[in-house]
>>> print(open('start_3.csv').read())   # CSV, C-alpha atoms and all ligand atoms
chain,number,residue,atom,x,y,z
Q,14,MET,CA,-8.1,14.0,-18.3
Q,15,TYR,CA,-7.0,12.8,-14.9
Q,16,LYS,CA,-5.8,16.1,-13.5
Q,17,ILE,CA,-3.8,16.4,-10.3
Q,18,VAL,CA,-5.8,18.7,-8.1
Q,19,GLU,CA,-3.3,18.7,-5.2
Q,20,LYS,CA,0.1,17.3,-4.5
Q,21,THR,CA,1.6,17.2,-1.0
Q,22,LYS,CA,4.9,15.9,0.2
Q,23,ILE,CA,4.0,14.0,3.4
Q,24,ALA,CA,7.5,12.4,4.1
Q,25,PRO,CA,10.8,12.2,2.3
Q,26,ASP,CA,10.0,10.5,-1.1
Q,27,ILE,CA,6.3,10.1,-0.2
Q,28,PHE,CA,3.7,12.2,-1.9
Q,29,LYS,CA,-0.1,12.4,-1.5
Q,30,PHE,CA,-1.9,13.1,-4.8
Q,31,LYS,CA,-5.5,14.2,-5.1
Q,32,VAL,CA,-6.6,13.3,-8.6
Q,33,TYR,CA,-9.8,14.3,-10.4
Q,34,ALA,CA,-11.3,10.9,-11.5
Q,35,PRO,CA,-15.1,11.2,-10.9
Q,36,LEU,CA,-16.2,7.8,-12.3
Q,37,VAL,CA,-13.5,6.0,-10.2
Q,38,ALA,CA,-14.4,8.1,-7.1
Q,39,ASN,CA,-18.0,7.3,-7.5
Q,40,LYS,CA,-17.5,3.5,-7.7
Q,41,PHE,CA,-14.7,3.1,-5.3
Q,42,GLN,CA,-15.0,0.8,-2.3
Q,43,ALA,CA,-12.4,0.3,0.4
Q,44,GLY,CA,-9.6,-2.0,-0.6
Q,45,GLN,CA,-9.7,-1.3,-4.3
Q,46,PHE,CA,-6.9,0.1,-6.5
Q,47,ILE,CA,-6.2,1.7,-9.8
Q,48,VAL,CA,-3.5,1.2,-12.4
Q,49,LEU,CA,-2.0,4.3,-13.9
Q,50,ARG,CA,0.7,5.6,-16.3
Q,51,PRO,CA,2.2,9.0,-15.5
Q,52,PHE,CA,3.3,9.5,-19.1
Q,53,ASP,CA,2.3,7.9,-22.5
Q,54,ASP,CA,5.5,5.8,-22.6
Q,55,SER,CA,5.6,4.9,-18.9
Q,56,GLU,CA,5.0,1.4,-17.4
Q,57,ARG,CA,1.7,0.8,-15.7
Q,58,ILE,CA,1.8,0.7,-11.9
Q,59,PRO,CA,-0.9,-0.3,-9.4
Q,60,LEU,CA,-1.8,2.1,-6.6
Q,61,THR,CA,-4.3,1.4,-3.9
Q,62,ILE,CA,-6.8,4.2,-3.4
Q,63,MET,CA,-6.4,5.8,0.1
Q,64,GLU,CA,-9.8,7.4,0.0
Q,65,ALA,CA,-12.2,9.0,-2.4
Q,66,ASP,CA,-14.4,12.1,-2.3
Q,67,LYS,CA,-17.5,11.2,-4.3
Q,68,GLU,CA,-18.8,14.8,-4.0
Q,69,ASP,CA,-16.0,16.5,-5.8
Q,70,GLY,CA,-15.0,13.4,-7.8
Q,71,THR,CA,-11.5,13.0,-6.5
Q,72,ILE,CA,-9.4,10.1,-5.3
Q,73,PHE,CA,-6.3,10.2,-3.0
Q,74,LEU,CA,-3.2,8.2,-3.8
Q,75,VAL,CA,-0.1,7.9,-1.6
Q,76,VAL,CA,3.0,7.1,-3.5
Q,77,LYS,CA,6.6,6.4,-2.4
Q,78,THR,CA,9.2,6.9,-5.1
Q,79,ILE,CA,10.9,3.5,-5.2
Q,80,GLY,CA,11.3,2.8,-8.9
Q,81,LEU,CA,11.3,4.6,-12.3
Q,82,THR,CA,7.6,4.9,-12.7
Q,83,THR,CA,6.9,6.2,-9.2
Q,84,LYS,CA,9.7,8.7,-9.8
Q,85,GLN,CA,8.1,9.8,-13.1
Q,86,LEU,CA,4.8,10.3,-11.2
Q,87,ALA,CA,6.5,12.4,-8.6
Q,88,GLU,CA,7.7,14.7,-11.4
Q,89,LEU,CA,4.1,15.7,-12.0
Q,90,ASN,CA,2.7,18.7,-10.1
Q,91,GLN,CA,-0.7,20.3,-9.3
Q,92,GLY,CA,-2.4,21.1,-12.6
Q,93,ASP,CA,-0.7,18.4,-14.6
Q,94,ALA,CA,-2.6,15.2,-15.7
Q,95,VAL,CA,-1.6,11.6,-15.6
Q,96,ALA,CA,-1.6,9.9,-19.1
Q,97,ASP,CA,-4.2,7.3,-18.1
Q,98,LEU,CA,-5.8,5.8,-15.1
Q,99,LEU,CA,-7.9,2.6,-14.9
Q,100,GLY,CA,-10.1,1.5,-12.0
Q,101,PRO,CA,-11.4,0.9,-9.5
Q,102,LEU,CA,-10.0,-2.6,-9.8
Q,103,GLY,CA,-10.0,-5.7,-7.6
Q,104,HIS,CA,-12.5,-6.9,-5.0
Q,105,PRO,CA,-13.5,-4.5,-2.2
Q,106,SER,CA,-12.5,-5.4,1.3
Q,107,GLU,CA,-14.9,-7.5,3.3
Q,108,ILE,CA,-16.5,-5.1,5.7
Q,109,ASP,CA,-18.5,-6.4,8.6
Q,110,ASN,CA,-18.8,-6.1,12.4
Q,111,PHE,CA,-16.0,-8.6,13.3
Q,112,GLY,CA,-15.4,-7.2,16.8
Q,113,THR,CA,-11.9,-5.9,17.6
Q,114,VAL,CA,-9.8,-5.5,14.5
Q,115,VAL,CA,-6.0,-4.7,14.5
Q,116,ILE,CA,-4.8,-2.6,11.5
Q,117,VAL,CA,-1.0,-3.2,11.0
Q,118,GLY,CA,0.4,-0.7,8.6
Q,119,GLY,CA,4.1,-0.6,7.6
Q,120,GLY,CA,5.6,2.5,5.9
Q,121,VAL,CA,3.7,3.6,2.8
Q,122,GLY,CA,1.4,0.5,3.3
Q,123,THR,CA,-0.2,2.4,6.1
Q,124,ALA,CA,-2.0,4.6,3.6
Q,125,VAL,CA,-3.3,1.5,1.8
Q,126,SER,CA,-5.2,0.3,4.9
Q,127,PHE,CA,-6.7,3.7,5.7
Q,128,ALA,CA,-10.0,3.3,3.8
Q,129,VAL,CA,-10.4,-0.2,5.1
Q,130,ALA,CA,-9.8,0.9,8.7
Q,131,GLU,CA,-12.3,3.8,8.3
Q,132,SER,CA,-15.0,1.5,6.8
Q,133,LEU,CA,-14.5,-1.1,9.5
Q,134,LYS,CA,-14.9,1.6,12.2
Q,135,GLU,CA,-18.1,2.7,10.5
Q,136,ALA,CA,-19.3,-0.9,10.6
Q,137,GLY,CA,-19.0,-0.9,14.4
Q,138,ASN,CA,-15.6,-2.5,15.0
Q,139,ARG,CA,-13.2,-1.5,17.7
Q,140,ILE,CA,-10.1,-0.4,15.8
Q,141,VAL,CA,-6.6,-1.0,17.2
Q,142,SER,CA,-4.0,0.6,14.9
Q,143,ILE,CA,-0.3,-0.2,14.9
Q,144,ILE,CA,1.5,2.0,12.4
Q,145,GLY,CA,5.3,1.9,11.8
Q,146,ALA,CA,8.0,3.7,9.9
Q,147,ARG,CA,11.8,3.5,9.7
Q,148,ASP,CA,12.1,6.8,11.5
Q,149,LYS,CA,10.2,9.9,12.6
Q,150,ASP,CA,10.5,11.6,9.2
Q,151,PHE,CA,8.8,8.7,7.4
Q,152,MET,CA,5.9,8.4,9.8
Q,153,ILE,CA,2.7,9.1,7.8
Q,154,LEU,CA,-1.0,9.6,8.5
Q,155,GLU,CA,-0.7,9.5,12.3
Q,156,ASP,CA,-3.5,12.1,12.8
Q,157,GLU,CA,-5.8,10.4,10.4
Q,158,PHE,CA,-5.4,7.0,12.1
Q,159,THR,CA,-5.7,8.6,15.6
Q,160,GLU,CA,-9.1,10.0,14.5
Q,161,ILE,CA,-10.6,6.6,13.5
Q,162,SER,CA,-8.8,4.4,16.1
Q,163,ASP,CA,-9.9,3.3,19.5
Q,164,GLU,CA,-6.3,2.6,20.3
Q,165,ILE,CA,-3.2,3.5,18.4
Q,166,TYR,CA,0.5,2.5,18.7
Q,167,VAL,CA,3.2,4.3,16.8
Q,168,MET,CA,6.5,2.5,16.1
Q,169,THR,CA,9.8,3.5,14.6
Q,170,ASP,CA,12.7,1.1,13.7
Q,171,ASP,CA,15.2,3.5,15.4
Q,172,GLY,CA,13.0,4.7,18.2
Q,173,SER,CA,13.2,8.3,17.0
Q,174,TYR,CA,9.4,8.6,17.5
Q,175,GLY,CA,6.8,6.6,19.3
Q,176,LYS,CA,8.1,3.2,20.5
Q,177,LYS,CA,11.2,1.5,19.2
Q,178,GLY,CA,10.7,-1.6,17.2
Q,179,PHE,CA,8.8,-3.1,14.2
Q,180,VAL,CA,5.0,-3.1,14.1
Q,181,THR,CA,5.1,-6.9,14.8
Q,182,GLN,CA,6.8,-6.3,18.1
Q,183,GLN,CA,3.9,-4.2,19.3
Q,184,LEU,CA,1.4,-6.8,18.1
Q,185,LEU,CA,3.3,-9.5,20.0
Q,186,ASP,CA,3.3,-7.3,23.1
Q,187,LEU,CA,-0.4,-7.0,22.9
Q,188,TYR,CA,-0.9,-10.8,22.5
Q,189,GLU,CA,1.5,-11.3,25.5
Q,190,GLN,CA,-0.7,-9.0,27.6
Q,191,GLY,CA,-3.5,-11.6,27.0
Q,192,ARG,CA,-5.4,-9.5,24.4
Q,193,HIS,CA,-7.7,-11.3,21.9
Q,194,PHE,CA,-8.4,-10.0,18.4
Q,195,ASP,CA,-11.1,-11.0,16.0
Q,196,ARG,CA,-9.2,-10.0,12.8
Q,197,VAL,CA,-5.9,-8.5,11.7
Q,198,ILE,CA,-5.4,-6.5,8.5
Q,199,ALA,CA,-1.8,-6.2,7.5
Q,200,THR,CA,-0.5,-3.9,4.7
Q,201,GLY,CA,3.1,-3.0,4.0
Q,202,PRO,CA,6.4,-4.5,2.8
Q,203,LEU,CA,6.2,-8.3,2.1
Q,204,PRO,CA,8.6,-9.2,5.0
Q,205,MET,CA,6.4,-7.3,7.3
Q,206,MET,CA,3.2,-9.0,6.1
Q,207,ARG,CA,5.0,-12.4,6.3
Q,208,ALA,CA,6.1,-11.7,9.9
Q,209,THR,CA,2.6,-10.6,10.9
Q,210,VAL,CA,1.0,-13.8,9.5
Q,211,GLU,CA,3.6,-16.0,11.2
Q,212,LEU,CA,2.6,-14.3,14.5
Q,213,THR,CA,-1.2,-14.3,14.1
Q,214,ARG,CA,-1.1,-18.0,13.0
Q,215,LYS,CA,0.2,-18.9,16.5
Q,216,TYR,CA,-2.7,-16.9,18.0
Q,217,LYS,CA,-5.2,-18.2,15.5
Q,218,THR,CA,-6.4,-14.7,14.5
Q,219,PRO,CA,-7.9,-14.5,11.0
Q,220,THR,CA,-5.5,-12.2,9.0
Q,221,ILE,CA,-6.0,-10.4,5.7
Q,222,VAL,CA,-3.1,-9.0,3.7
Q,223,SER,CA,-3.2,-6.7,0.8
Q,224,LEU,CA,-0.8,-7.7,-2.0
Q,225,ASN,CA,0.9,-5.3,-4.3
Q,226,PRO,CA,2.9,-7.3,-6.9
Q,227,ILE,CA,4.1,-6.2,-10.3
Q,228,MET,CA,1.1,-5.6,-12.5
Q,229,VAL,CA,0.8,-4.9,-16.2
Q,230,ASP,CA,-2.8,-4.8,-17.5
Q,231,GLY,CA,-4.6,-5.0,-14.1
Q,232,ILE,CA,-7.5,-7.0,-15.6
Q,233,GLY,CA,-6.4,-10.6,-15.4
Q,234,MET,CA,-5.0,-11.1,-19.0
Q,235,CYS,CA,-1.2,-10.8,-18.7
Q,236,GLY,CA,-0.4,-13.0,-15.7
Q,237,GLY,CA,2.1,-10.5,-14.4
Q,238,CYS,CA,0.6,-10.3,-10.9
Q,239,ARG,CA,0.5,-14.1,-10.2
Q,240,ALA,CA,0.9,-15.3,-6.7
Q,241,VAL,CA,0.5,-18.6,-4.9
Q,242,VAL,CA,-2.3,-18.8,-2.4
Q,243,ASP,CA,-3.4,-22.0,-0.7
Q,244,GLY,CA,-1.2,-23.9,-3.2
Q,245,LYS,CA,-3.0,-22.5,-6.2
Q,246,ILE,CA,-2.0,-19.8,-8.7
Q,247,VAL,CA,-4.0,-16.6,-8.4
Q,248,PHE,CA,-4.0,-13.3,-10.2
Q,249,VAL,CA,-3.8,-10.6,-7.6
Q,250,CYS,CA,-5.5,-8.0,-9.8
Q,251,VAL,CA,-8.7,-9.9,-10.3
Q,252,ASP,CA,-8.7,-12.4,-7.5
Q,253,GLY,CA,-7.4,-9.9,-4.8
Q,254,PRO,CA,-5.8,-7.7,-3.9
Q,255,GLU,CA,-6.7,-9.0,-0.4
Q,256,PHE,CA,-6.2,-12.6,0.6
Q,257,ASP,CA,-6.2,-14.8,3.7
Q,258,GLY,CA,-2.6,-14.1,4.9
Q,259,HIS,CA,-2.2,-17.6,6.3
Q,260,GLN,CA,-2.6,-19.1,2.8
Q,261,VAL,CA,-0.2,-16.8,1.0
Q,262,ASP,CA,3.2,-18.1,-0.2
Q,263,PHE,CA,5.3,-15.1,0.7
Q,264,ASP,CA,8.6,-16.7,-0.2
Q,265,SER,CA,7.7,-17.1,-3.8
Q,266,LEU,CA,6.2,-13.5,-3.9
Q,267,ILE,CA,9.4,-12.0,-2.5
Q,268,ARG,CA,11.5,-14.0,-5.0
Q,269,ARG,CA,9.3,-12.8,-7.9
Q,270,ASN,CA,9.4,-9.2,-6.8
Q,271,ASN,CA,13.2,-9.3,-6.5
Q,272,ALA,CA,13.6,-10.9,-10.0
Q,273,TYR,CA,12.9,-7.6,-11.7
Q,274,ARG,CA,15.0,-5.3,-9.5
Q,275,GLU,CA,18.1,-5.4,-11.6
Q,276,ILE,CA,16.2,-4.6,-14.9
Q,277,GLU,CA,14.3,-1.8,-13.1
Q,278,THR,CA,17.6,-0.2,-11.8
Q,279,GLN,CA,19.1,-0.5,-15.3
Q,280,LYS,CA,16.0,1.1,-16.9
Q,281,GLU,CA,16.1,3.9,-14.4
Q,282,HIS,CA,19.8,4.6,-15.1
Q,283,ASP,CA,19.1,4.6,-18.9
Q,284,CYS,CA,16.3,7.1,-18.5
Q,285,LEU,CA,18.4,9.4,-16.4
Q,286,LEU,CA,21.1,9.2,-19.0
Q,287,ASP,CA,18.6,10.0,-21.8
Q,288,ALA,CA,17.3,13.0,-19.8
Q,289,GLN,CA,20.9,14.3,-19.3
Q,290,ILE,CA,21.7,13.9,-23.0
Q,291,ALA,CA,18.4,15.7,-23.9
Q,292,LYS,CA,19.4,18.6,-21.6
Q,293,GLY,CA,22.9,18.7,-23.0
Q,294,ILE,CA,24.5,17.7,-19.7
Q,295,LYS,CA,26.0,14.5,-21.2
Q,296,LYS,CA,27.0,13.5,-24.7
Q,301,LIG,P1,9.7,0.1,5.2
Q,301,LIG,O1,10.7,-0.8,4.6
Q,301,LIG,O2,10.2,1.5,5.6
Q,301,LIG,O3,9.0,-0.6,6.5
Q,301,LIG,C1,7.9,0.0,7.1
Q,301,LIG,C2,7.7,-0.7,8.4
Q,301,LIG,O4,7.3,-2.1,8.2
Q,301,LIG,C3,8.9,-0.8,9.4
Q,301,LIG,O5,9.0,0.5,10.1
Q,301,LIG,C4,8.5,-1.9,10.3
Q,301,LIG,O6,7.6,-1.6,11.3
Q,301,LIG,C5,7.8,-2.8,9.3
Q,301,LIG,N1,8.7,-3.9,8.8
Q,301,LIG,C6,9.6,-3.8,7.8
Q,301,LIG,N2,10.2,-5.0,7.7
Q,301,LIG,C7,9.7,-5.8,8.7
Q,301,LIG,C8,10.0,-7.2,9.0
Q,301,LIG,N3,10.9,-7.9,8.4
Q,301,LIG,N4,9.3,-7.7,10.1
Q,301,LIG,C9,8.4,-6.9,10.7
Q,301,LIG,N5,8.1,-5.7,10.4
Q,301,LIG,C10,8.7,-5.1,9.4
Q,301,LIG,O7,8.5,0.3,4.3
Q,301,LIG,P2,8.3,1.2,3.0
Q,301,LIG,O8,9.6,1.3,2.3
Q,301,LIG,O9,7.5,2.4,3.3
Q,301,LIG,O10,7.3,0.2,2.3
Q,301,LIG,C11,7.3,0.0,1.0
Q,301,LIG,C12,6.8,-1.3,0.7
Q,301,LIG,O11,5.4,-1.4,0.9
Q,301,LIG,C13,7.0,-1.7,-0.7
Q,301,LIG,O12,7.7,-2.9,-0.7
Q,301,LIG,C14,5.7,-1.8,-1.3
Q,301,LIG,O13,5.6,-2.8,-2.3
Q,301,LIG,C15,4.8,-2.1,-0.1
Q,301,LIG,N6,3.5,-1.6,-0.4
Q,301,LIG,C16,2.5,-2.5,-0.3
Q,301,LIG,C17,1.2,-2.1,-0.6
Q,301,LIG,C18,0.1,-3.1,-0.5
Q,301,LIG,O14,-0.9,-2.9,-1.1
Q,301,LIG,N7,0.3,-4.2,0.2
Q,301,LIG,C19,0.9,-0.9,-1.1
Q,301,LIG,C20,2.0,0.0,-1.2
Q,301,LIG,C21,3.2,-0.4,-0.8
Q,302,LIG,FE1,-2.1,-8.8,-15.6
Q,302,LIG,FE2,-3.0,-9.2,-13.1
Q,302,LIG,S1,-1.8,-7.6,-13.9
Q,302,LIG,S2,-3.1,-10.6,-14.8
>>> encode(input="start_3.csv", output="structure tokens")
Amino acid sequence: MYKIVEKTKIAPDIFKFKVYAPLVANKFQAGQFIVLRPFDDSERIPLTIMEADKEDGTIFLVVKTIGLTTKQLAELNQGDAVADLLGPLGHPSEIDNFGTVVIVGGGVGTAVSFAVAESLKEAGNRIVSIIGARDKDFMILEDEFTEISDEIYVMTDDGSYGKKGFVTQQLLDLYEQGRHFDRVIATGPLPMMRATVELTRKYKTPTIVSLNPIMVDGIGMCGGCRAVVDGKIVFVCVDGPEFDGHQVDFDSLIRRNNAYREIETQKEHDCLLDAQIAKGIKK
């Protein structure tokens, strides 16, 4: 039973779940993820583990309700249990003393990079964090990142909090000030990661991205999560989820992710209709 021990709304449509999963918590290393189903008949979704508490056997997940399954998950509350949960999956992040590492976190992707940033800090790196959100209300985990960062820059698209602009604008500003970085870790929407790697390529900074494609089994059997990296097909669930960002074919990933948007919207509409019929609101 993977019981939800705590559920907190940390921004509009963004929830932080603390889930009792002792075996997963015990084995977890930064960068790994789980695949879960909220209900028995739900689809499986991959979620990166934000952090784990090995002492009390819990893991923390940050979820934005962007599709049917994440909305189903958000319906669950403290005391409920998710139908199943598999993990930890994927390779852990490479943790070493690289020097100065920039963490670029966009939107809900900010949560994904937290455990990696924390581990890199513990390994002796200087951490420069650039976190961004569309506006003040969507800004998440600023306090947590402030605690583990040597420098932090907070960006909003509309300038309602921190500095106005995308996270990549701040990274460019730092490069233009003559700063040198030993590594960049970028996590967030695909266009953000693509823009980050285009920039870091120019400055020859090794860049790691964490990919979050559609996944079905999460164990390398279905091919659902395939991506093209260095001209070769990889399965993100078993070969990743982190890759050398300069080798990732972002255009094909974006096309693939968009291909299922229409079906997802239709399915969401059908489920809503079923629920209304069940409640007698519609016939
Ligand atoms: P969002 O669209 O609100 O964007 C967040 C920030 O990313 C923006 O404030 C901006 O700073 C930056 N950004 C967005 N587009 C950009 C662009 N074209 N160029 C430069 N910077 C840009 O983000 P959201 O809705 O919170 O994020 C959801 C996305 O994150 C989903 O697409 C989801 O798949 C992805 N995600 C990725 C992972 C992962 O492991 N990589 C995990 C969870 C979610
Ligand atoms: Fe099936 Fe990766 S999710 S191969």
>>> closest_atom_pairs(input="start_3.csv", of="chain Q", to="ligand LIG 302 (chain Q)", cutoff="7 Å", atoms="all atoms listed in the file", output="JSON lines")
{"residue": "Q:Met228", "atom": "CA", "partner": "Q:LIG302", "partner_atom": "S1", "distance": 3.8}
{"residue": "Q:Val229", "atom": "CA", "partner": "Q:LIG302", "partner_atom": "S1", "distance": 4.4}
{"residue": "Q:Asp230", "atom": "CA", "partner": "Q:LIG302", "partner_atom": "FE1", "distance": 4.5}
{"residue": "Q:Gly231", "atom": "CA", "partner": "Q:LIG302", "partner_atom": "S1", "distance": 3.8}
{"residue": "Q:Ile232", "atom": "CA", "partner": "Q:LIG302", "partner_atom": "FE2", "distance": 5.6}
{"residue": "Q:Gly233", "atom": "CA", "partner": "Q:LIG302", "partner_atom": "S2", "distance": 3.4}
{"residue": "Q:Met234", "atom": "CA", "partner": "Q:LIG302", "partner_atom": "S2", "distance": 4.6}
{"residue": "Q:Cys235", "atom": "CA", "partner": "Q:LIG302", "partner_atom": "FE1", "distance": 3.8}
{"residue": "Q:Gly236", "atom": "CA", "partner": "Q:LIG302", "partner_atom": "S2", "distance": 3.7}
{"residue": "Q:Gly237", "atom": "CA", "partner": "Q:LIG302", "partner_atom": "FE1", "distance": 4.7}
{"residue": "Q:Cys238", "atom": "CA", "partner": "Q:LIG302", "partner_atom": "FE2", "distance": 4.4}
{"residue": "Q:Arg239", "atom": "CA", "partner": "Q:LIG302", "partner_atom": "FE2", "distance": 6.7}
{"residue": "Q:Phe248", "atom": "CA", "partner": "Q:LIG302", "partner_atom": "FE2", "distance": 5.1}
{"residue": "Q:Val249", "atom": "CA", "partner": "Q:LIG302", "partner_atom": "FE2", "distance": 5.7}
{"residue": "Q:Cys250", "atom": "CA", "partner": "Q:LIG302", "partner_atom": "FE2", "distance": 4.3}
{"residue": "Q:Val251", "atom": "CA", "partner": "Q:LIG302", "partner_atom": "FE2", "distance": 6.4}
>>> closest_atom_pairs(input="start_3.csv", of="segment 140-174 of chain Q", to="segment 191-213 of chain Q", cutoff="12 Å", atoms="all atoms listed in the file", output="Markdown table")
| residue | atom | partner | partner_atom | distance |
| --- | --- | --- | --- | --- |
| Q:Ile140 | CA | Q:Val197 | CA | 10.0 |
| Q:Val141 | CA | Q:Phe194 | CA | 9.3 |
| Q:Ser142 | CA | Q:Ile198 | CA | 9.7 |
| Q:Ile143 | CA | Q:Ala199 | CA | 9.6 |
| Q:Ile144 | CA | Q:Thr200 | CA | 9.9 |
| Q:Gly145 | CA | Q:Gly201 | CA | 9.5 |
| Q:Ala146 | CA | Q:Gly201 | CA | 10.2 |
| Q:Arg147 | CA | Q:Pro202 | CA | 11.9 |
>>> axis_aligned_box(input="start_3.csv", around="segment 58-69 of chain Q", padding_each_side="3 Å", output="JSON")
{"center_x": -8.5, "center_y": 8.1, "center_z": -5.9, "size_x": 26.6, "size_y": 22.8, "size_z": 18.0}
>>> closest_residue(input="start_3.csv", among="Q:Ile221, Q:Ile227, Q:Leu187, Q:Ile17", to="Ile108 of chain Q", atoms="only C-alpha atoms")
Q:Ile221
>>> closest_atom_pairs(input="start_3.csv", of="chain Q", to="ligand LIG 301 (chain Q)", cutoff="9 Å", atoms="only C-alpha atoms and all ligand atoms", output="JSON lines")
{"residue": "Q:Ile27", "atom": "CA", "partner": "Q:LIG301", "partner_atom": "O9", "distance": 8.5}
{"residue": "Q:Gly44", "atom": "CA", "partner": "Q:LIG301", "partner_atom": "O14", "distance": 8.8}
{"residue": "Q:Phe46", "atom": "CA", "partner": "Q:LIG301", "partner_atom": "O14", "distance": 8.6}
{"residue": "Q:Pro59", "atom": "CA", "partner": "Q:LIG301", "partner_atom": "C19", "distance": 8.5}
{"residue": "Q:Leu60", "atom": "CA", "partner": "Q:LIG301", "partner_atom": "C19", "distance": 6.8}
{"residue": "Q:Thr61", "atom": "CA", "partner": "Q:LIG301", "partner_atom": "O14", "distance": 6.2}
{"residue": "Q:Val75", "atom": "CA", "partner": "Q:LIG301", "partner_atom": "C20", "distance": 8.2}
{"residue": "Q:Val76", "atom": "CA", "partner": "Q:LIG301", "partner_atom": "C20", "distance": 7.5}
{"residue": "Q:Lys77", "atom": "CA", "partner": "Q:LIG301", "partner_atom": "O9", "distance": 7.0}
{"residue": "Q:Ile79", "atom": "CA", "partner": "Q:LIG301", "partner_atom": "C13", "distance": 7.9}
{"residue": "Q:Val117", "atom": "CA", "partner": "Q:LIG301", "partner_atom": "O6", "distance": 8.8}
{"residue": "Q:Gly118", "atom": "CA", "partner": "Q:LIG301", "partner_atom": "O4", "distance": 7.1}
{"residue": "Q:Gly119", "atom": "CA", "partner": "Q:LIG301", "partner_atom": "O4", "distance": 3.6}
{"residue": "Q:Gly120", "atom": "CA", "partner": "Q:LIG301", "partner_atom": "O9", "distance": 3.2}
{"residue": "Q:Val121", "atom": "CA", "partner": "Q:LIG301", "partner_atom": "O9", "distance": 4.0}
{"residue": "Q:Gly122", "atom": "CA", "partner": "Q:LIG301", "partner_atom": "C21", "distance": 4.6}
{"residue": "Q:Thr123", "atom": "CA", "partner": "Q:LIG301", "partner_atom": "C20", "distance": 8.0}
{"residue": "Q:Ala124", "atom": "CA", "partner": "Q:LIG301", "partner_atom": "C20", "distance": 7.8}
{"residue": "Q:Val125", "atom": "CA", "partner": "Q:LIG301", "partner_atom": "C19", "distance": 5.6}
{"residue": "Q:Ser126", "atom": "CA", "partner": "Q:LIG301", "partner_atom": "O14", "distance": 8.0}
{"residue": "Q:Ile143", "atom": "CA", "partner": "Q:LIG301", "partner_atom": "O6", "distance": 8.8}
{"residue": "Q:Ile144", "atom": "CA", "partner": "Q:LIG301", "partner_atom": "O6", "distance": 7.2}
{"residue": "Q:Gly145", "atom": "CA", "partner": "Q:LIG301", "partner_atom": "O6", "distance": 4.2}
{"residue": "Q:Ala146", "atom": "CA", "partner": "Q:LIG301", "partner_atom": "O5", "distance": 3.4}
{"residue": "Q:Arg147", "atom": "CA", "partner": "Q:LIG301", "partner_atom": "O5", "distance": 4.1}
{"residue": "Q:Asp148", "atom": "CA", "partner": "Q:LIG301", "partner_atom": "O5", "distance": 7.2}
{"residue": "Q:Phe151", "atom": "CA", "partner": "Q:LIG301", "partner_atom": "O2", "distance": 7.6}
{"residue": "Q:Met152", "atom": "CA", "partner": "Q:LIG301", "partner_atom": "O5", "distance": 8.5}
{"residue": "Q:Met168", "atom": "CA", "partner": "Q:LIG301", "partner_atom": "O6", "distance": 6.4}
{"residue": "Q:Thr169", "atom": "CA", "partner": "Q:LIG301", "partner_atom": "O5", "distance": 5.5}
{"residue": "Q:Asp170", "atom": "CA", "partner": "Q:LIG301", "partner_atom": "O5", "distance": 5.2}
{"residue": "Q:Asp171", "atom": "CA", "partner": "Q:LIG301", "partner_atom": "O5", "distance": 8.7}
{"residue": "Q:Gly178", "atom": "CA", "partner": "Q:LIG301", "partner_atom": "O6", "distance": 6.7}
{"residue": "Q:Phe179", "atom": "CA", "partner": "Q:LIG301", "partner_atom": "O6", "distance": 3.5}
{"residue": "Q:Val180", "atom": "CA", "partner": "Q:LIG301", "partner_atom": "O6", "distance": 4.1}
{"residue": "Q:Thr181", "atom": "CA", "partner": "Q:LIG301", "partner_atom": "C9", "distance": 5.3}
{"residue": "Q:Gln182", "atom": "CA", "partner": "Q:LIG301", "partner_atom": "C9", "distance": 7.6}
{"residue": "Q:Ala199", "atom": "CA", "partner": "Q:LIG301", "partner_atom": "N7", "distance": 7.9}
{"residue": "Q:Thr200", "atom": "CA", "partner": "Q:LIG301", "partner_atom": "N7", "distance": 4.6}
{"residue": "Q:Gly201", "atom": "CA", "partner": "Q:LIG301", "partner_atom": "O11", "distance": 4.2}
{"residue": "Q:Pro202", "atom": "CA", "partner": "Q:LIG301", "partner_atom": "O11", "distance": 3.8}
{"residue": "Q:Leu203", "atom": "CA", "partner": "Q:LIG301", "partner_atom": "O12", "distance": 6.3}
{"residue": "Q:Pro204", "atom": "CA", "partner": "Q:LIG301", "partner_atom": "N3", "distance": 4.3}
{"residue": "Q:Met205", "atom": "CA", "partner": "Q:LIG301", "partner_atom": "C10", "distance": 3.8}
{"residue": "Q:Met206", "atom": "CA", "partner": "Q:LIG301", "partner_atom": "C9", "distance": 7.3}
{"residue": "Q:Arg207", "atom": "CA", "partner": "Q:LIG301", "partner_atom": "N4", "distance": 7.4}
{"residue": "Q:Ala208", "atom": "CA", "partner": "Q:LIG301", "partner_atom": "N4", "distance": 5.1}
{"residue": "Q:Thr209", "atom": "CA", "partner": "Q:LIG301", "partner_atom": "C9", "distance": 6.9}
{"residue": "Q:Val222", "atom": "CA", "partner": "Q:LIG301", "partner_atom": "N7", "distance": 6.8}
{"residue": "Q:Ser223", "atom": "CA", "partner": "Q:LIG301", "partner_atom": "N7", "distance": 4.3}
{"residue": "Q:Leu224", "atom": "CA", "partner": "Q:LIG301", "partner_atom": "N7", "distance": 4.3}
{"residue": "Q:Asn225", "atom": "CA", "partner": "Q:LIG301", "partner_atom": "O14", "distance": 4.4}
{"residue": "Q:Pro226", "atom": "CA", "partner": "Q:LIG301", "partner_atom": "O13", "distance": 7.0}
{"residue": "Q:Ile227", "atom": "CA", "partner": "Q:LIG301", "partner_atom": "O13", "distance": 8.8}
{"residue": "Q:Pro254", "atom": "CA", "partner": "Q:LIG301", "partner_atom": "O14", "distance": 7.4}
{"residue": "Q:Glu255", "atom": "CA", "partner": "Q:LIG301", "partner_atom": "O14", "distance": 8.4}
{"residue": "Q:Asn270", "atom": "CA", "partner": "Q:LIG301", "partner_atom": "O13", "distance": 8.7}
